>>> print(open('final_20.pdb').read())   # PDB, C-alpha atoms
ATOM      1  CA  VAL T  67       0.000   0.000   0.000  1.00  0.00           C
ATOM      2  CA  SER T  68       1.334   3.416  -0.943  1.00  0.00           C
ATOM      3  CA  PHE T  69       0.454   6.678   0.716  1.00  0.00           C
ATOM      4  CA  GLU T  70       2.131   8.658  -2.035  1.00  0.00           C
ATOM      5  CA  ARG T  71       1.401   9.347  -5.654  1.00  0.00           C
ATOM      6  CA  ASN T  72       4.238  10.691  -7.781  1.00  0.00           C
ATOM      7  CA  GLY T  73       6.173  11.470  -4.591  1.00  0.00           C
ATOM      8  CA  THR T  74       3.336  13.477  -3.038  1.00  0.00           C
ATOM      9  CA  LEU T  75       1.181  12.346  -0.100  1.00  0.00           C
ATOM     10  CA  ILE T  76      -2.325  11.431  -1.264  1.00  0.00           C
ATOM     11  CA  GLY T  77      -3.915  13.291   1.639  1.00  0.00           C
ATOM     12  CA  GLN T  78      -3.457  14.600   5.147  1.00  0.00           C
ATOM     13  CA  GLN T  79      -2.315  11.986   7.656  1.00  0.00           C
ATOM     14  CA  ALA T  80      -4.636  11.231  10.559  1.00  0.00           C
ATOM     15  CA  ASP T  81      -3.329  10.189  13.979  1.00  0.00           C
ATOM     16  CA  SER T  82      -3.016   6.532  12.926  1.00  0.00           C
ATOM     17  CA  GLU T  83       0.053   5.988  10.772  1.00  0.00           C
ATOM     18  CA  TRP T  84      -1.970   3.963   8.251  1.00  0.00           C
ATOM     19  CA  LEU T  85      -4.821   6.473   7.807  1.00  0.00           C
ATOM     20  CA  TYR T  86      -4.873   9.392   5.377  1.00  0.00           C
ATOM     21  CA  VAL T  87      -7.753  11.750   4.624  1.00  0.00           C
ATOM     22  CA  VAL T  88      -8.468  11.401   0.891  1.00  0.00           C
ATOM     23  CA  THR T  89     -11.953  12.798   0.484  1.00  0.00           C
ATOM     24  CA  TRP T  90     -12.047  12.589  -3.322  1.00  0.00           C
ATOM     25  CA  GLY T  91     -11.231   8.893  -3.067  1.00  0.00           C
ATOM     26  CA  ILE T  92     -14.647   7.894  -1.751  1.00  0.00           C
ATOM     27  CA  ASN T  93     -16.355   9.398  -4.805  1.00  0.00           C
ATOM     28  CA  LYS T  94     -13.918   7.614  -7.090  1.00  0.00           C
ATOM     29  CA  ILE T  95     -14.341   4.200  -5.420  1.00  0.00           C
ATOM     30  CA  LEU T  96     -18.139   4.552  -5.326  1.00  0.00           C
ATOM     31  CA  HIS T  97     -18.154   5.168  -9.089  1.00  0.00           C
ATOM     32  CA  TRP T  98     -15.790   2.233  -9.655  1.00  0.00           C
ATOM     33  CA  ILE T  99     -18.065  -0.125  -7.677  1.00  0.00           C
ATOM     34  CA  SER T 100     -21.125   1.214  -9.477  1.00  0.00           C
ATOM     35  CA  GLU T 101     -19.596   0.682 -12.919  1.00  0.00           C
ATOM     36  CA  ARG T 102     -17.933  -2.650 -12.130  1.00  0.00           C
ATOM     37  CA  TYR T 103     -20.970  -4.288 -10.478  1.00  0.00           C
ATOM     38  CA  SER T 104     -23.930  -2.756 -12.373  1.00  0.00           C
ATOM     39  CA  ASN T 105     -24.825  -0.085  -9.798  1.00  0.00           C
ATOM     40  CA  PRO T 106     -25.642  -2.256  -6.759  1.00  0.00           C
ATOM     41  CA  PRO T 107     -27.013  -0.788  -3.522  1.00  0.00           C
ATOM     42  CA  ILE T 108     -24.003   0.427  -1.510  1.00  0.00           C
ATOM     43  CA  PHE T 109     -23.849   0.814   2.268  1.00  0.00           C
ATOM     44  CA  ILE T 110     -20.775   2.528   3.696  1.00  0.00           C
ATOM     45  CA  THR T 111     -20.538   0.816   7.064  1.00  0.00           C
ATOM     46  CA  GLU T 112     -17.466   2.440   8.642  1.00  0.00           C
ATOM     47  CA  ASN T 113     -16.097   5.872   7.822  1.00  0.00           C
ATOM     48  CA  GLY T 114     -14.125   7.781  10.410  1.00  0.00           C
ATOM     49  CA  VAL T 115     -10.890   9.413  11.416  1.00  0.00           C
ATOM     50  CA  ASP T 116      -8.669   9.906  14.418  1.00  0.00           C
ATOM     51  CA  VAL T 117      -7.475  13.493  14.788  1.00  0.00           C
ATOM     52  CA  PRO T 118      -3.704  14.083  14.778  1.00  0.00           C
ATOM     53  CA  ASN T 119      -2.411  14.332  18.371  1.00  0.00           C
ATOM     54  CA  GLU T 120      -5.966  14.375  19.748  1.00  0.00           C
ATOM     55  CA  SER T 121      -5.037  12.360  22.842  1.00  0.00           C
ATOM     56  CA  SER T 122      -2.732  15.206  23.925  1.00  0.00           C
ATOM     57  CA  ILE T 123      -5.330  17.985  23.524  1.00  0.00           C
ATOM     58  CA  PRO T 124      -6.653  19.034  26.955  1.00  0.00           C
ATOM     59  CA  PHE T 125     -10.318  18.945  27.886  1.00  0.00           C
ATOM     60  CA  PRO T 126     -12.446  20.953  26.963  1.00  0.00           C
ATOM     61  CA  ASP T 127     -10.310  22.107  23.987  1.00  0.00           C
ATOM     62  CA  VAL T 128     -10.607  18.609  22.508  1.00  0.00           C
ATOM     63  CA  LEU T 129     -14.346  19.242  22.010  1.00  0.00           C
ATOM     64  CA  HIS T 130     -13.582  21.882  19.357  1.00  0.00           C
ATOM     65  CA  ASP T 131     -13.312  19.156  16.747  1.00  0.00           C
ATOM     66  CA  ASP T 132     -12.821  21.074  13.486  1.00  0.00           C
ATOM     67  CA  PHE T 133     -10.630  18.355  11.914  1.00  0.00           C
ATOM     68  CA  ARG T 134     -13.332  15.681  12.317  1.00  0.00           C
ATOM     69  CA  ILE T 135     -16.125  18.093  11.332  1.00  0.00           C
ATOM     70  CA  ASN T 136     -14.277  18.943   8.111  1.00  0.00           C
ATOM     71  CA  PHE T 137     -13.544  15.244   7.518  1.00  0.00           C
ATOM     72  CA  TYR T 138     -17.226  14.274   7.659  1.00  0.00           C
ATOM     73  CA  SER T 139     -18.365  17.352   5.759  1.00  0.00           C
ATOM     74  CA  GLN T 140     -16.032  16.582   2.876  1.00  0.00           C
ATOM     75  CA  TYR T 141     -16.628  12.828   2.835  1.00  0.00           C
ATOM     76  CA  ILE T 142     -20.410  13.199   3.034  1.00  0.00           C
ATOM     77  CA  GLY T 143     -20.207  15.882   0.350  1.00  0.00           C
ATOM     78  CA  ASN T 144     -18.352  13.486  -1.956  1.00  0.00           C
ATOM     79  CA  VAL T 145     -20.861  10.700  -1.239  1.00  0.00           C
ATOM     80  CA  SER T 146     -23.719  13.112  -1.936  1.00  0.00           C
ATOM     81  CA  GLN T 147     -22.096  14.086  -5.220  1.00  0.00           C
ATOM     82  CA  ALA T 148     -21.805  10.410  -6.201  1.00  0.00           C
ATOM     83  CA  ILE T 149     -25.504   9.931  -5.414  1.00  0.00           C
ATOM     84  CA  ASP T 150     -26.367  12.967  -7.563  1.00  0.00           C
ATOM     85  CA  GLU T 151     -24.286  11.366 -10.338  1.00  0.00           C
ATOM     86  CA  GLY T 152     -26.351   8.164 -10.161  1.00  0.00           C
ATOM     87  CA  VAL T 153     -24.444   5.919  -7.757  1.00  0.00           C
ATOM     88  CA  ASN T 154     -26.857   3.819  -5.674  1.00  0.00           C
ATOM     89  CA  VAL T 155     -25.643   4.682  -2.152  1.00  0.00           C
ATOM     90  CA  ARG T 156     -28.243   3.650   0.427  1.00  0.00           C
ATOM     91  CA  GLY T 157     -26.462   4.269   3.720  1.00  0.00           C
ATOM     92  CA  PHE T 158     -23.492   5.964   5.375  1.00  0.00           C
ATOM     93  CA  PHE T 159     -22.397   5.085   8.904  1.00  0.00           C
ATOM     94  CA  ALA T 160     -19.768   6.918  10.932  1.00  0.00           C
ATOM     95  CA  TRP T 161     -17.006   5.151  12.822  1.00  0.00           C
ATOM     96  CA  SER T 162     -17.668   5.530  15.644  1.00  0.00           C
ATOM     97  CA  LEU T 163     -20.518   6.941  17.713  1.00  0.00           C
ATOM     98  CA  MET T 164     -18.335   6.999  20.844  1.00  0.00           C
ATOM     99  CA  ASP T 165     -14.649   6.628  21.525  1.00  0.00           C
ATOM    100  CA  ASN T 166     -13.892   2.955  21.916  1.00  0.00           C
ATOM    101  CA  PHE T 167     -11.210   0.291  22.175  1.00  0.00           C
ATOM    102  CA  GLU T 168      -9.290  -0.024  18.904  1.00  0.00           C
ATOM    103  CA  TRP T 169      -7.855  -3.502  18.376  1.00  0.00           C
ATOM    104  CA  THR T 170      -4.297  -2.452  17.566  1.00  0.00           C
ATOM    105  CA  ASP T 171      -4.129   0.792  19.571  1.00  0.00           C
ATOM    106  CA  GLY T 172      -6.322   0.253  22.614  1.00  0.00           C
ATOM    107  CA  TYR T 173      -7.714   3.538  23.935  1.00  0.00           C
ATOM    108  CA  SER T 174      -4.875   5.673  22.541  1.00  0.00           C
ATOM    109  CA  LYS T 175      -6.644   6.489  19.244  1.00  0.00           C
ATOM    110  CA  ILE T 176      -9.876   8.452  19.338  1.00  0.00           C
ATOM    111  CA  PHE T 177     -12.456   7.935  16.565  1.00  0.00           C
ATOM    112  CA  GLY T 178     -15.730   8.776  18.307  1.00  0.00           C
ATOM    113  CA  LEU T 179     -18.255  11.460  17.483  1.00  0.00           C
ATOM    114  CA  THR T 180     -18.902  11.528  21.236  1.00  0.00           C
ATOM    115  CA  TYR T 181     -15.864  12.177  23.432  1.00  0.00           C
ATOM    116  CA  VAL T 182     -15.244   9.702  26.266  1.00  0.00           C
ATOM    117  CA  ASP T 183     -13.028  10.908  29.121  1.00  0.00           C
ATOM    118  CA  TYR T 184     -11.163   7.747  30.121  1.00  0.00           C
ATOM    119  CA  LYS T 185      -9.443   9.554  32.988  1.00  0.00           C
ATOM    120  CA  ASN T 186     -12.647  10.893  34.584  1.00  0.00           C
ATOM    121  CA  ASN T 187     -15.150   8.078  35.180  1.00  0.00           C
ATOM    122  CA  LEU T 188     -15.793   7.548  31.433  1.00  0.00           C
ATOM    123  CA  THR T 189     -17.731  10.831  31.188  1.00  0.00           C
ATOM    124  CA  ARG T 190     -19.215  11.297  27.714  1.00  0.00           C
ATOM    125  CA  THR T 191     -19.403  14.714  26.086  1.00  0.00           C
TER     126      THR T 191
END
>>> encode(input="final_20.pdb", output="structure tokens")
Amino acid sequence: VSFERNGTLIGQQADSEWLYVVTWGINKILHWISERYSNPPIFITENGVDVPNESSIPFPDVLHDDFRINFYSQYIGNVSQAIDEGVNVRGFFAWSLMDNFEWTDGYSKIFGLTYVDYKNNLTRT
């Protein structure tokens, strides 16, 4: 897997070393699936991002989540565009509703739409 194209990063790196924000890519892959498989119903079951250095941002500053807001705005915008162009997208689900345990990173990576304070009685904000 390459994160570069012609020596240039394909998108902004998220907190996870394997994850890059490539918003145009979802439109491109939706069209590829539509063309390859005769426009089947498509459900996007996990789409999310961990914000760079989010675990080091103090509370309540961490709640000002512009990176994640922009991520979803741009990805949903590209999905909406694909729908307008005839792709049969039926559902889009964020990963994840709340911060959770990530298999390879434990609680160190934060993907949730709802913030969970692991140091303060699991308070959700």
>>> resolve_selection(input="final_20.pdb", expression="the PyMOL selection byres ((chain T and resi 84) around 12)", output="VMD selection string")
chain T and resid 67 to 69 77 to 83 85 to 87 115 to 116 170 to 171
>>> resolve_selection(input="final_20.pdb", expression="the PyMOL selection byres ((chain T and resi 127-142) around 12)", output="MDAnalysis selection string")
chainID T and resid 77:81 86:94 96 110 112:126 143:149 155 157:162 176:183 190:191
>>> axis_aligned_box(input="final_20.pdb", around="region 96-114 of chain T", padding_each_side="5 Å", output="JSON")
{"center_x": -20.6, "center_y": 1.7, "center_z": -1.3, "size_x": 22.9, "size_y": 22.1, "size_z": 33.3}
>>> atom_distance(input="final_20.pdb", atom1="CA of Asn187 (chain T)", atom2="CA of Phe167 (chain T)")
15.7 Å
>>> atom_distance(input="final_20.pdb", atom1="CA of Asn186 (chain T)", atom2="CA of Asp165 (chain T)")
13.9 Å
>>> atom_distance(input="final_20.pdb", atom1="CA of Val153 (chain T)", atom2="CA of Glu70 (chain T)")
27.3 Å
